[in-house]
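Pasted below: data01.cif, mmCIF, C-alpha atoms.
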data_model
loop_
_atom_site.label_atom_id
_atom_site.label_comp_id
_atom_site.auth_asym_id
_atom_site.auth_seq_id
_atom_site.Cartn_x
_atom_site.Cartn_y
_atom_site.Cartn_z
CA MET K 23 -22.42 -15.49 -1.63
CA ASP K 24 -23.65 -15.60 1.94
CA HIS K 25 -21.73 -17.47 4.65
CA ARG K 26 -23.65 -20.69 4.14
CA GLU K 27 -22.92 -20.71 0.41
CA ILE K 28 -19.24 -19.90 1.01
CA LEU K 29 -18.83 -22.78 3.44
CA GLN K 30 -20.61 -25.11 1.03
CA TYR K 31 -18.21 -24.09 -1.76
CA VAL K 32 -15.25 -24.86 0.50
CA LYS K 33 -16.68 -28.26 1.43
CA SER K 34 -17.29 -29.22 -2.18
CA HIS K 35 -13.98 -28.04 -3.68
CA ALA K 36 -11.99 -30.98 -4.97
CA ALA K 37 -8.64 -29.68 -3.66
CA GLY K 38 -9.53 -30.48 -0.06
CA LYS K 39 -7.64 -27.42 1.11
CA VAL K 40 -7.94 -23.66 1.58
CA LYS K 41 -5.36 -20.87 1.42
CA ILE K 42 -5.40 -18.26 4.21
CA ALA K 43 -3.19 -15.24 4.86
CA ILE K 44 -2.61 -12.34 7.24
CA THR K 45 -0.85 -9.17 6.11
CA ASP K 46 2.28 -8.26 8.06
CA ILE K 47 3.54 -4.77 8.90
CA ASP K 48 5.21 -4.38 5.48
CA GLY K 49 2.09 -5.40 3.55
CA ILE K 50 3.41 -8.89 2.79
CA LEU K 51 0.95 -11.79 2.88
CA ARG K 52 2.01 -14.40 5.44
CA GLY K 53 -0.11 -17.49 5.03
CA LYS K 54 -0.48 -21.20 4.45
CA TYR K 55 -2.64 -23.96 3.05
CA ILE K 56 -4.86 -25.71 5.55
CA SER K 57 -7.15 -28.70 5.12
CA THR K 58 -10.83 -28.18 4.48
CA GLU K 59 -11.61 -29.85 7.82
CA LYS K 60 -9.29 -27.51 9.68
CA PHE K 61 -10.74 -24.47 7.94
CA LEU K 62 -14.33 -25.43 8.73
CA SER K 63 -13.40 -25.78 12.40
CA ILE K 64 -12.13 -22.18 12.57
CA ALA K 65 -14.27 -20.46 9.92
CA GLU K 66 -16.79 -19.06 12.39
CA ALA K 67 -14.66 -19.17 15.53
CA ASP K 68 -11.42 -17.61 16.69
CA THR K 69 -8.15 -19.21 15.68
CA SER K 70 -4.47 -18.33 16.15
CA PHE K 71 -1.39 -17.41 14.14
CA CYS K 72 2.24 -17.29 15.25
CA ASP K 73 2.92 -13.69 16.27
CA VAL K 74 6.43 -13.85 14.81
CA ILE K 75 4.98 -12.37 11.62
CA PHE K 76 4.90 -9.08 13.56
CA GLY K 77 8.22 -9.78 15.27
CA TRP K 78 10.46 -9.95 12.21
CA ASP K 79 11.12 -7.90 9.11
CA MET K 80 10.46 -8.68 5.45
CA SER K 81 13.60 -10.85 5.37
CA ASP K 82 12.55 -12.84 8.46
CA ALA K 83 15.21 -11.19 10.62
CA ALA K 84 13.92 -10.85 14.19
CA TYR K 85 13.58 -7.30 15.51
CA ASP K 86 15.79 -6.60 18.52
CA ASN K 87 13.84 -3.51 19.56
CA ALA K 88 10.18 -4.57 19.50
CA SER K 89 8.10 -4.83 22.65
CA TYR K 90 5.06 -6.54 21.07
CA THR K 91 6.81 -9.87 20.70
CA GLY K 92 10.34 -11.25 20.58
CA TRP K 93 12.71 -13.63 22.25
CA HIS K 94 11.47 -12.15 25.53
CA THR K 95 7.97 -13.51 24.90
CA GLY K 96 8.90 -16.77 23.18
CA TYR K 97 6.92 -15.86 20.04
CA PRO K 98 3.57 -17.36 21.09
CA ASP K 99 0.47 -17.69 18.98
CA ALA K 100 -1.72 -14.59 18.69
CA ALA K 101 -5.51 -14.68 18.60
CA ALA K 102 -6.77 -14.30 15.05
CA ARG K 103 -9.91 -14.61 12.99
CA ILE K 104 -10.74 -15.45 9.38
CA ASP K 105 -12.97 -12.92 7.60
CA LEU K 106 -15.48 -14.86 5.52
CA ALA K 107 -16.44 -11.61 3.77
CA CYS K 108 -12.99 -11.72 2.12
CA PHE K 109 -13.76 -14.97 0.31
CA ARG K 110 -12.16 -15.24 -3.12
CA LYS K 111 -11.42 -17.98 -5.62
CA ILE K 112 -7.84 -18.08 -6.94
CA PRO K 113 -8.30 -18.49 -10.70
CA TRP K 114 -4.67 -19.58 -11.34
CA GLU K 115 -5.06 -22.32 -8.68
CA ASP K 116 -8.22 -23.98 -10.02
CA ASP K 117 -10.46 -21.53 -8.14
CA LEU K 118 -9.03 -22.59 -4.78
CA PRO K 119 -10.84 -20.90 -1.85
CA PHE K 120 -8.85 -18.03 -0.34
CA PHE K 121 -9.48 -15.94 2.80
CA LEU K 122 -7.79 -13.05 4.57
CA GLY K 123 -7.50 -12.96 8.33
CA GLU K 124 -6.50 -10.47 10.99
CA LEU K 125 -5.26 -10.45 14.56
CA ILE K 126 -7.72 -9.93 17.39
CA GLN K 127 -6.72 -7.27 19.87
CA LYS K 128 -7.22 -8.46 23.40
CA LYS K 129 -7.65 -6.14 26.36
CA ASN K 130 -4.47 -4.30 27.35
CA GLU K 131 -2.69 -5.69 24.27
CA ILE K 132 -0.89 -3.61 21.64
CA SER K 133 -2.71 -3.52 18.29
CA VAL K 134 -0.17 -4.09 15.50
CA CYS K 135 -2.36 -5.60 12.75
CA PRO K 136 -2.56 -3.28 9.70
CA ARG K 137 -6.01 -4.46 8.62
CA SER K 138 -7.30 -3.91 12.14
CA LEU K 139 -5.85 -0.39 12.10
CA LEU K 140 -7.71 0.43 8.89
CA LYS K 141 -10.95 -0.88 10.43
CA LYS K 142 -10.30 1.24 13.54
CA VAL K 143 -9.91 4.42 11.45
CA LEU K 144 -12.96 3.40 9.41
CA ALA K 145 -14.95 3.17 12.66
CA ASP K 146 -13.85 6.74 13.47
CA ALA K 147 -15.16 7.88 10.09
CA THR K 148 -18.43 5.99 10.50
CA SER K 149 -19.06 7.43 13.95
CA ALA K 150 -18.60 10.90 12.43
CA GLY K 151 -21.26 10.11 9.83
CA PHE K 152 -18.95 9.49 6.86
CA LEU K 153 -18.75 6.63 4.38
CA PRO K 154 -15.24 6.59 2.83
CA LEU K 155 -14.77 5.36 -0.73
CA PHE K 156 -11.15 4.59 -1.61
CA SER K 157 -9.06 3.11 -4.38
CA GLN K 158 -5.37 2.70 -5.14
CA GLU K 159 -3.42 2.71 -8.37
CA PHE K 160 0.00 1.10 -8.79
CA GLU K 161 3.00 1.51 -11.04
CA TRP K 162 5.53 -1.32 -11.18
CA TYR K 163 8.46 -2.68 -13.19
CA ASN K 164 8.49 -6.07 -14.93
CA PHE K 165 11.63 -8.05 -15.76
CA ALA K 166 12.20 -11.13 -17.92
CA GLU K 167 13.79 -12.88 -14.96
CA THR K 168 13.10 -15.52 -12.31
CA PRO K 169 13.85 -15.46 -8.58
CA GLN K 170 16.82 -17.73 -9.27
CA SER K 171 18.18 -15.68 -12.18
CA ILE K 172 18.12 -12.37 -10.30
CA HIS K 173 19.82 -14.06 -7.36
CA ASP K 174 22.51 -15.50 -9.63
CA LYS K 175 23.01 -12.08 -11.25
CA LEU K 176 23.28 -10.41 -7.83
CA TYR K 177 20.38 -8.17 -8.87
CA ARG K 178 22.53 -6.53 -11.57
CA ASN K 179 22.07 -6.22 -15.34
CA LEU K 180 18.49 -7.44 -15.21
CA GLN K 181 16.54 -7.74 -18.44
CA PRO K 182 13.48 -5.44 -18.53
CA LEU K 183 10.38 -6.94 -20.08
CA THR K 184 10.51 -4.34 -22.87
CA PRO K 185 13.16 -1.73 -23.73
CA GLY K 186 12.98 2.03 -23.59
CA MET K 187 10.57 4.67 -22.31
CA PHE K 188 7.17 4.12 -23.88
CA GLY K 189 4.26 5.19 -21.69
CA TYR K 190 0.69 4.54 -22.81
CA SER K 191 2.08 2.39 -25.61
CA ILE K 192 -0.35 0.34 -27.67
CA LEU K 193 2.62 -1.37 -29.33
CA ARG K 194 4.24 -2.51 -26.07
CA GLY K 195 0.90 -3.74 -24.77
CA SER K 196 0.50 -5.86 -27.90
CA LEU K 197 4.05 -7.18 -27.60
CA GLN K 198 3.20 -8.72 -24.22
CA ASN K 199 -0.46 -9.30 -24.97
CA GLU K 200 -0.79 -12.65 -23.19
CA PHE K 201 0.61 -11.20 -19.97
CA MET K 202 -1.56 -8.10 -20.26
CA LYS K 203 -4.61 -10.27 -20.97
CA ASP K 204 -3.95 -12.52 -17.99
CA LEU K 205 -3.43 -9.55 -15.67
CA PHE K 206 -6.74 -7.96 -16.63
CA ASP K 207 -8.80 -11.14 -16.74
CA LEU K 208 -7.36 -13.06 -13.79
CA LEU K 209 -7.34 -10.04 -11.47
CA THR K 210 -11.00 -9.39 -12.29
CA ARG K 211 -11.86 -13.04 -11.65
CA PHE K 212 -9.99 -12.73 -8.32
CA ASP K 213 -12.44 -9.94 -7.38
CA ILE K 214 -9.92 -7.16 -7.98
CA PRO K 215 -11.73 -5.18 -10.69
CA VAL K 216 -9.23 -3.27 -12.82
CA GLU K 217 -10.44 -0.02 -14.37
CA GLY K 218 -7.38 0.54 -16.53
CA LEU K 219 -4.08 -1.13 -17.41
CA HIS K 220 -1.34 0.40 -19.55
CA THR K 221 2.40 0.76 -19.98
CA GLU K 222 4.06 3.56 -18.02
CA THR K 223 7.18 5.50 -18.91
CA GLY K 224 10.08 3.22 -18.15
CA PRO K 225 11.38 -0.09 -19.51
CA GLY K 226 8.87 -2.82 -18.75
CA THR K 227 6.79 -0.53 -16.57
CA TYR K 228 3.02 -0.95 -16.15
CA GLU K 229 0.31 0.94 -14.31
CA ALA K 230 -3.09 -0.28 -13.17
CA ALA K 231 -6.01 1.49 -11.53
CA ILE K 232 -8.24 -0.55 -9.22
CA GLN K 233 -11.95 0.24 -9.06
CA TYR K 234 -12.96 2.16 -5.94
CA SER K 235 -14.92 0.59 -3.10
CA THR K 236 -15.73 0.89 0.58
CA LEU K 237 -13.25 0.09 3.32
CA PRO K 238 -11.71 -2.30 4.22
CA GLU K 239 -12.47 -3.86 0.81
CA ALA K 240 -10.41 -1.19 -0.98
CA GLY K 241 -7.45 -2.11 1.20
CA ASP K 242 -8.01 -5.84 0.61
CA ARG K 243 -8.04 -5.30 -3.15
CA ALA K 244 -4.81 -3.29 -3.07
CA VAL K 245 -2.98 -5.74 -0.81
CA LEU K 246 -4.03 -8.73 -2.89
CA PHE K 247 -3.31 -6.91 -6.16
CA LYS K 248 0.42 -6.75 -5.47
CA THR K 249 0.76 -10.45 -4.63
CA ALA K 250 -1.59 -11.49 -7.45
CA VAL K 251 0.42 -9.54 -10.03
CA LYS K 252 3.61 -11.23 -8.85
CA GLU K 253 2.03 -14.70 -9.05
CA ILE K 254 0.54 -14.08 -12.50
CA ALA K 255 3.90 -12.73 -13.66
CA TYR K 256 5.64 -15.93 -12.48
CA ARG K 257 3.40 -17.89 -14.84
CA HIS K 258 4.85 -15.92 -17.76
CA GLY K 259 8.49 -16.13 -16.71
CA ILE K 260 8.33 -12.54 -15.47
CA MET K 261 9.26 -10.92 -12.18
CA ALA K 262 7.24 -7.91 -11.06
CA THR K 263 8.61 -5.49 -8.48
CA PHE K 264 6.84 -2.75 -6.58
CA MET K 265 10.00 -1.08 -5.33
CA ALA K 266 9.57 2.68 -5.22
CA LYS K 267 12.76 3.23 -7.24
CA VAL K 268 14.60 0.51 -9.17
CA ASN K 269 17.19 2.76 -10.77
CA GLU K 270 18.39 6.29 -10.11
CA ASN K 271 18.03 7.15 -13.82
CA LEU K 272 14.44 5.91 -14.16
CA PRO K 273 11.11 7.20 -12.83
CA GLY K 274 9.88 5.82 -9.53
CA CYS K 275 6.69 3.87 -8.90
CA GLY K 276 3.70 5.54 -7.28
CA GLY K 277 0.89 3.92 -5.32
CA HIS K 278 -1.46 6.91 -5.30
CA VAL K 279 -4.59 6.64 -3.17
CA HIS K 280 -7.87 8.20 -4.33
CA GLN K 281 -10.42 9.03 -1.66
CA SER K 282 -13.80 10.64 -1.08
CA LEU K 283 -16.26 10.86 1.80
CA TRP K 284 -19.98 10.25 1.30
CA ASP K 285 -22.99 10.40 3.58
CA ALA K 286 -23.99 7.20 5.36
CA GLU K 287 -26.61 6.37 2.71
CA ARG K 288 -24.05 6.79 -0.10
CA LYS K 289 -26.25 9.33 -1.82
CA ASN K 290 -24.12 12.46 -1.57
CA ASN K 291 -20.44 12.99 -2.20
CA LEU K 292 -19.49 15.26 0.70
CA PHE K 293 -16.33 16.46 -1.07
CA HIS K 294 -18.37 18.13 -3.83
CA ASP K 295 -20.01 21.55 -3.61
CA GLU K 296 -21.31 23.00 -6.84
CA LYS K 297 -21.65 26.44 -5.20
CA ASP K 298 -17.90 26.65 -4.66
CA ALA K 299 -15.79 28.11 -7.47
CA ALA K 300 -13.66 24.95 -7.55
CA ASN K 301 -16.53 22.62 -6.60
CA MET K 302 -14.72 21.91 -3.33
CA SER K 303 -16.80 21.53 -0.17
CA GLU K 304 -15.70 22.82 3.21
CA ILE K 305 -15.32 19.20 4.32
CA LEU K 306 -12.86 18.55 1.49
CA LYS K 307 -10.89 21.68 2.34
CA GLN K 308 -10.63 20.62 5.99
CA TYR K 309 -9.66 17.10 4.90
CA ILE K 310 -6.84 18.53 2.76
CA ALA K 311 -5.71 20.79 5.59
CA GLY K 312 -5.48 17.74 7.85
CA GLN K 313 -3.27 15.89 5.39
CA LEU K 314 -1.06 18.93 4.76
CA LEU K 315 -0.51 19.22 8.50
CA LEU K 316 0.06 15.54 9.24
CA ILE K 317 1.77 13.98 6.21
CA PRO K 318 5.23 14.90 7.57
CA GLN K 319 4.28 13.34 10.92
CA ILE K 320 3.05 10.04 9.45
CA LEU K 321 5.20 9.88 6.31
CA PRO K 322 6.60 6.40 7.12
CA LEU K 323 3.09 5.04 6.45
CA PHE K 324 3.38 6.43 2.90
CA ALA K 325 7.13 5.96 2.39
CA PRO K 326 8.08 2.95 4.54
CA THR K 327 11.47 1.86 3.19
CA ILE K 328 14.95 3.23 2.60
CA ASN K 329 14.22 3.04 -1.11
CA SER K 330 10.99 5.08 -0.78
CA TYR K 331 12.94 8.32 -0.42
CA LYS K 332 14.90 7.74 -3.64
CA ARG K 333 11.55 8.20 -5.42
CA LEU K 334 10.71 11.51 -3.73
CA VAL K 335 13.03 13.65 -5.83
CA GLU K 336 12.42 16.61 -8.10
CA GLY K 337 11.21 16.10 -11.64
CA ALA K 338 10.51 12.39 -11.25
CA TRP K 339 6.68 12.48 -11.08
CA ALA K 340 6.71 12.26 -7.29
CA PRO K 341 6.16 15.22 -4.92
CA THR K 342 8.91 16.78 -2.83
CA THR K 343 6.97 19.73 -1.40
CA LEU K 344 3.95 19.86 0.86
CA THR K 345 1.61 21.27 -1.77
CA TRP K 346 -1.87 20.82 -3.17
CA GLY K 347 -3.44 21.79 -6.46
CA ILE K 348 -6.31 21.29 -8.88
CA ASP K 349 -5.57 18.44 -11.30
CA ASN K 350 -1.83 19.03 -10.89
CA ARG K 351 0.53 16.02 -10.98
CA THR K 352 3.50 17.90 -9.50
CA VAL K 353 1.96 18.37 -6.04
CA ALA K 354 1.50 16.14 -3.01
CA LEU K 355 -2.30 16.38 -2.98
CA ARG K 356 -4.13 16.50 -6.32
CA VAL K 357 -7.78 17.56 -6.20
CA LEU K 358 -10.02 16.20 -8.96
CA PRO K 359 -13.19 18.31 -8.60
CA GLY K 360 -15.07 16.49 -11.37
CA GLY K 361 -18.77 16.07 -10.82
CA LYS K 362 -20.99 14.97 -7.97
CA THR K 363 -19.90 11.35 -8.20
CA SER K 364 -16.26 11.72 -9.26
CA CYS K 365 -15.01 14.54 -7.00
CA ARG K 366 -12.08 13.14 -5.01
CA LEU K 367 -8.61 13.69 -3.58
CA GLU K 368 -5.50 11.88 -4.81
CA THR K 369 -2.64 11.58 -2.32
CA ARG K 370 0.42 11.35 -4.58
CA VAL K 371 3.09 11.06 -1.88
CA ILE K 372 2.33 7.36 -1.53
CA GLY K 373 4.67 4.94 -3.31
CA SER K 374 3.95 1.48 -4.68
CA ASP K 375 6.08 -0.11 -1.94
CA VAL K 376 3.57 0.70 0.80
CA ASN K 377 1.38 -1.52 2.89
CA PRO K 378 -1.98 -0.39 1.41
CA TYR K 379 -3.82 -0.83 4.71
CA LEU K 380 -1.45 1.60 6.41
CA ALA K 381 -1.43 4.08 3.53
CA MET K 382 -5.23 4.23 3.47
CA ALA K 383 -5.50 4.37 7.25
CA GLY K 384 -3.00 7.22 7.41
CA ALA K 385 -4.65 9.23 4.65
CA LEU K 386 -8.11 8.83 6.15
CA ALA K 387 -7.00 9.48 9.73
CA ALA K 388 -5.17 12.67 8.74
CA GLY K 389 -8.15 13.92 6.75
CA LEU K 390 -10.58 13.15 9.57
CA TYR K 391 -8.31 15.05 11.96
CA GLY K 392 -8.66 18.11 9.76
CA ILE K 393 -12.44 17.80 9.72
CA LYS K 394 -12.74 17.11 13.45
CA ASN K 395 -10.63 20.14 14.31
CA LYS K 396 -12.16 22.32 11.57
CA LEU K 397 -8.74 23.15 10.17
CA GLU K 398 -8.79 25.99 7.69
CA LEU K 399 -7.17 25.47 4.31
CA LYS K 400 -5.09 28.63 4.36
CA GLN K 401 -2.50 27.39 1.89
CA VAL K 402 -3.36 28.45 -1.65
CA ALA K 403 -3.41 25.91 -4.45
CA THR K 404 -0.14 25.52 -6.32
CA VAL K 405 -0.46 26.43 -9.99
CA GLY K 406 2.19 25.13 -12.37
CA ASN K 407 5.36 23.35 -11.28
CA GLY K 408 5.07 22.24 -7.66
CA TYR K 409 8.77 21.38 -7.53
CA LEU K 410 9.56 25.08 -7.86
CA ASP K 411 7.14 26.14 -5.11
CA GLN K 412 9.85 26.66 -2.50
CA SER K 413 7.50 28.67 -0.27
CA LYS K 414 6.02 25.41 1.01
CA SER K 415 7.54 22.93 3.45
CA ARG K 416 9.55 20.05 2.05
CA LEU K 417 8.92 16.44 2.94
CA PRO K 418 11.44 14.60 5.15
CA SER K 419 14.20 13.28 2.89
CA THR K 420 15.13 10.03 4.65
CA LEU K 421 13.39 7.25 6.53
CA GLU K 422 15.41 8.17 9.62
CA GLU K 423 14.18 11.77 9.57
CA ALA K 424 10.59 10.76 8.87
CA THR K 425 10.58 8.13 11.62
CA LYS K 426 11.90 10.59 14.19
CA MET K 427 9.08 12.99 13.33
CA MET K 428 6.47 10.25 13.62
CA LYS K 429 7.91 9.01 16.91
CA GLN K 430 7.73 12.50 18.41
CA SER K 431 4.23 13.24 17.07
CA LEU K 432 1.49 13.30 19.70
CA VAL K 433 -1.10 13.51 16.94
CA ALA K 434 0.19 10.34 15.27
CA LYS K 435 -0.33 8.51 18.57
CA GLU K 436 -3.80 10.06 18.89
CA ILE K 437 -5.12 9.10 15.46
CA LEU K 438 -3.38 5.72 15.07
CA GLY K 439 -3.22 4.55 18.66
CA GLU K 440 -0.18 4.85 20.89
CA GLY K 441 0.59 1.12 20.78
CA PHE K 442 0.56 0.91 17.01
CA ALA K 443 2.55 4.13 16.54
CA ASP K 444 5.20 2.87 18.96
CA HIS K 445 5.48 -0.55 17.33
CA TYR K 446 5.57 0.82 13.80
CA THR K 447 8.26 3.42 14.46
CA ARG K 448 10.37 0.74 16.13
CA THR K 449 10.15 -1.34 12.95
CA ARG K 450 11.20 1.65 10.84
CA GLU K 451 14.15 2.35 13.16
CA TRP K 452 15.17 -1.26 12.66
CA GLU K 453 14.88 -0.87 8.88
CA TRP K 454 17.16 2.18 8.97
CA ARG K 455 19.77 0.34 11.06
CA GLN K 456 19.85 -2.58 8.62
CA HIS K 457 20.60 -0.17 5.80
CA LEU K 458 23.51 1.37 7.71
CA LYS K 459 25.31 -2.00 7.83
CA SER K 460 25.38 -2.46 4.08
CA VAL K 461 28.33 -1.63 1.82
CA THR K 462 26.72 -0.39 -1.37
CA ASP K 463 27.76 -0.40 -5.02
CA TRP K 464 27.95 3.38 -4.81
CA GLU K 465 30.55 3.18 -2.03
CA LEU K 466 32.64 0.63 -3.92
CA LYS K 467 32.60 2.67 -7.12
CA ARG K 468 33.41 5.89 -5.29
CA TYR K 469 36.04 4.74 -2.81
CA PHE K 470 37.56 1.39 -3.81
CA GLU K 471 40.38 2.70 -6.04
CA ILE K 472 40.53 6.39 -5.22
CA ILE K 473 40.46 6.68 -1.45
#

Would you write out, as structure tokens, the structure that this file holds?
Amino acid sequence: MDHREILQYVKSHAAGKVKIAITDIDGILRGKYISTEKFLSIAEADTSFCDVIFGWDMSDAAYDNASYTGWHTGYPDAAARIDLACFRKIPWEDDLPFFLGELIQKKNEISVCPRSLLKKVLADATSAGFLPLFSQEFEWYNFAETPQSIHDKLYRNLQPLTPGMFGYSILRGSLQNEFMKDLFDLLTRFDIPVEGLHTETGPGTYEAAIQYSTLPEAGDRAVLFKTAVKEIAYRHGIMATFMAKVNENLPGCGGHVHQSLWDAERKNNLFHDEKDAANMSEILKQYIAGQLLLIPQILPLFAPTINSYKRLVEGAWAPTTLTWGIDNRTVALRVLPGGKTSCRLETRVIGSDVNPYLAMAGALAAGLYGIKNKLELKQVATVGNGYLDQSKSRLPSTLEEATKMMKQSLVAKEILGEGFADHYTRTREWEWRQHLKSVTDWELKRYFEII
């Protein structure tokens, strides 16, 4: 649909309202319903949104260390715009019109909006003559619970949707066929085309791969996927969680990002070189070198929570070493040489708990840095078990360690913008401090009687 047709659809929808949302720093949609009349008045003009959505954490607790906004500013409205190109119909709400928005960065103002950051890095790629194609895949756990029941149970002894470890199970997919069917069909109708959907290893665990696209559409699809899955699950009496690690004895949940660079006309995949023994172009090798160099310096974009680092442990299908390899699922960067159209890089460090805009922006920015600086891929590909490749650097093991590295990184400020890097690391420092206050089950079990 063009803009005229979109606006006509909004005008004619019987609901008389529209749903809009902006994605906060943690990848959570913050939005509201507005009347059709209100929407039409702002659809092709600037609007505003309370900037508190970038001044508090995922639990609505106000940051005490942020400079962008806070009690010191009075939490004013921030300039924002609705992106008509994001138009979607919500199939589980009678095809209600839905739009994403983003903050507008004014002169001399810090840019904190994740979608705007992805568009900024995309502009860097475009100016260098590249057309990025990206996609994300997600693993997540499903429980036969409701928000009230998990609250009443204090998040303990939750009932998984299905028992046992049964990855790629046809049986388990049939057992929950109506849920599976709704996920596939409703996501596709919501303009999030799903290439594959299956059970993963873990009780009630699913995995879905989203079809690749240009940016920022790939980021939009990934952001909306997580919320859409949760809303569809609600309809079936199910709770879906994208936590990186729900239990120390179970596999974690990845949010791997697949990426390739094409020429501006989208005719040639610039990662592919049939003359190379591994079909890897020099551009791809430089892109990998950039990520190998910078992943430790921007890891909070890929592992943003305390829980993220519980996933990054040996033997749990998540990387712990700074490695790359050809079609190897034990390394941080998995190269899929394929053919001219399918050659791509999969960044496996990324967990399902990420803000997809930030994960994609970080991956692309790091890769572009490698290309811009013609970094040489001196590190040889890991063959076999990447967990045992102790010759390579290990990833930071806590959010505190990773945030310190990002805060000290001059390159992170260069590729992401100093204002964004400063704001984001402040939010991660806050997240670490909140964790330090908590008395955990582990502490009670270990110390309560014995100490």

Can you list, as a PyMOL selection string, the residues that the PyMOL selection byres ((chain K and resi 217) around 6) selects here?
chain K and resi 216+218+231-233

Take CA of Ala300 (chain K) and CA of Leu386 (chain K) and report the distance between them in Å, one decimal.
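These two atoms are separated by 21.9 Å.
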
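With only C-alpha atoms as the atoms that count, the minimum distance from Tyr85 (chain K) to the choices K:Ala255, K:Tyr97, K:Ala340, K:Leu432 is reached by K:Tyr97.
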
Name the residues in contact with Gly441 (chain K) at a cut-off of 10 Å, using all atoms listed in the file, excluding same-chain residues fewer than 5 positions from it; report them as a list in words.
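Non-adjacent residues within range: Ser89, Tyr90, Asn130, Glu131, Ile132, Ser133, Val134, Lys435 and Tyr446 of chain K.
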
Where does the PyMOL selection byres ((chain K and resi 301-312) around 10) land in this file, that is, which residues does it pick, as number ranges by chain?
K: 282-283, 291-300, 313-317, 345-346, 355-362, 365-367, 369, 385-401

Protein, DNA and RNA residues within 12 Å of (-8.6, -31.9, 0.2), all atoms listed in the file, as a list in words:
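Within 12 Å of (-8.6, -31.9, 0.2), the protein and nucleic acid residues are Val32, Lys33, Ser34, His35, Ala36, Ala37, Gly38, Lys39, Val40, Lys41, Tyr55, Ile56, Ser57, Thr58, Glu59, Lys60, Phe61, Leu118 and Pro119 of chain K.
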
File dump, residues just selected, C-alpha atoms, as a compact mmCIF listing (two decimals), in the frame of the given file:
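Below you can see part.txt, which holds the result:
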# COMPACT_ATOMS: atom_id res chain seq x y z
CA VAL K 32 -15.25 -24.86 0.50
CA LYS K 33 -16.68 -28.26 1.43
CA SER K 34 -17.29 -29.22 -2.18
CA HIS K 35 -13.98 -28.04 -3.68
CA ALA K 36 -11.99 -30.98 -4.97
CA ALA K 37 -8.64 -29.68 -3.66
CA GLY K 38 -9.53 -30.48 -0.06
CA LYS K 39 -7.64 -27.42 1.11
CA VAL K 40 -7.94 -23.66 1.58
CA LYS K 41 -5.36 -20.87 1.42
CA TYR K 55 -2.64 -23.96 3.05
CA ILE K 56 -4.86 -25.71 5.55
CA SER K 57 -7.15 -28.70 5.12
CA THR K 58 -10.83 -28.18 4.48
CA GLU K 59 -11.61 -29.85 7.82
CA LYS K 60 -9.29 -27.51 9.68
CA PHE K 61 -10.74 -24.47 7.94
CA LEU K 118 -9.03 -22.59 -4.78
CA PRO K 119 -10.84 -20.90 -1.85

Please report the interatomic distance between CA of Val279 (chain K) and CA of Ala338 (chain K) in Å with one decimal.
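So the two atoms, CA of Val279 (chain K) and CA of Ala338 (chain K), lie 18.1 Å apart.
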
Contacts of region 259-371 of chain K with region 405-417 of chain K up to 10 Å, shortest pair per row, all atoms listed in the file, as a Markdown table:
| residue | atom | partner | partner_atom | distance |
| --- | --- | --- | --- | --- |
| K:Leu314 | CA | K:Ser415 | CA | 9.6 |
| K:Ile317 | CA | K:Leu417 | CA | 8.2 |
| K:Pro318 | CA | K:Leu417 | CA | 6.1 |
| K:Gln319 | CA | K:Leu417 | CA | 9.7 |
| K:Leu321 | CA | K:Leu417 | CA | 8.3 |
| K:Tyr331 | CA | K:Leu417 | CA | 9.7 |
| K:Leu334 | CA | K:Leu417 | CA | 8.5 |
| K:Val335 | CA | K:Tyr409 | CA | 9.0 |
| K:Glu336 | CA | K:Tyr409 | CA | 6.0 |
| K:Gly337 | CA | K:Tyr409 | CA | 7.1 |
| K:Ala338 | CA | K:Tyr409 | CA | 9.9 |
| K:Trp339 | CA | K:Tyr409 | CA | 9.8 |
| K:Ala340 | CA | K:Tyr409 | CA | 9.4 |
| K:Pro341 | CA | K:Tyr409 | CA | 7.2 |
| K:Thr342 | CA | K:Leu417 | CA | 5.8 |
| K:Thr343 | CA | K:Arg416 | CA | 4.3 |
| K:Leu344 | CA | K:Ser415 | CA | 5.4 |
| K:Thr345 | CA | K:Lys414 | CA | 6.7 |
| K:Trp346 | CA | K:Gly408 | CA | 8.4 |
| K:Gly347 | CA | K:Val405 | CA | 6.5 |
| K:Ile348 | CA | K:Val405 | CA | 7.9 |
| K:Asp349 | CA | K:Val405 | CA | 9.6 |
| K:Asn350 | CA | K:Gly406 | CA | 7.5 |
| K:Arg351 | CA | K:Gly408 | CA | 8.4 |
| K:Thr352 | CA | K:Gly408 | CA | 5.0 |
| K:Val353 | CA | K:Gly408 | CA | 5.2 |
| K:Ala354 | CA | K:Gly408 | CA | 8.5 |
| K:Val371 | CA | K:Leu417 | CA | 9.3 |

Residue by residue, what does the PyMOL selection byres ((chain K and resi 379) around 6) grab here? Present the result as a list of chain:residue names.
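That expression, the PyMOL selection byres ((chain K and resi 379) around 6), corresponds here to K:Pro136, K:Arg137, K:Leu140, K:Gly241, K:Asn377, K:Pro378, K:Leu380, K:Ala381, K:Met382.
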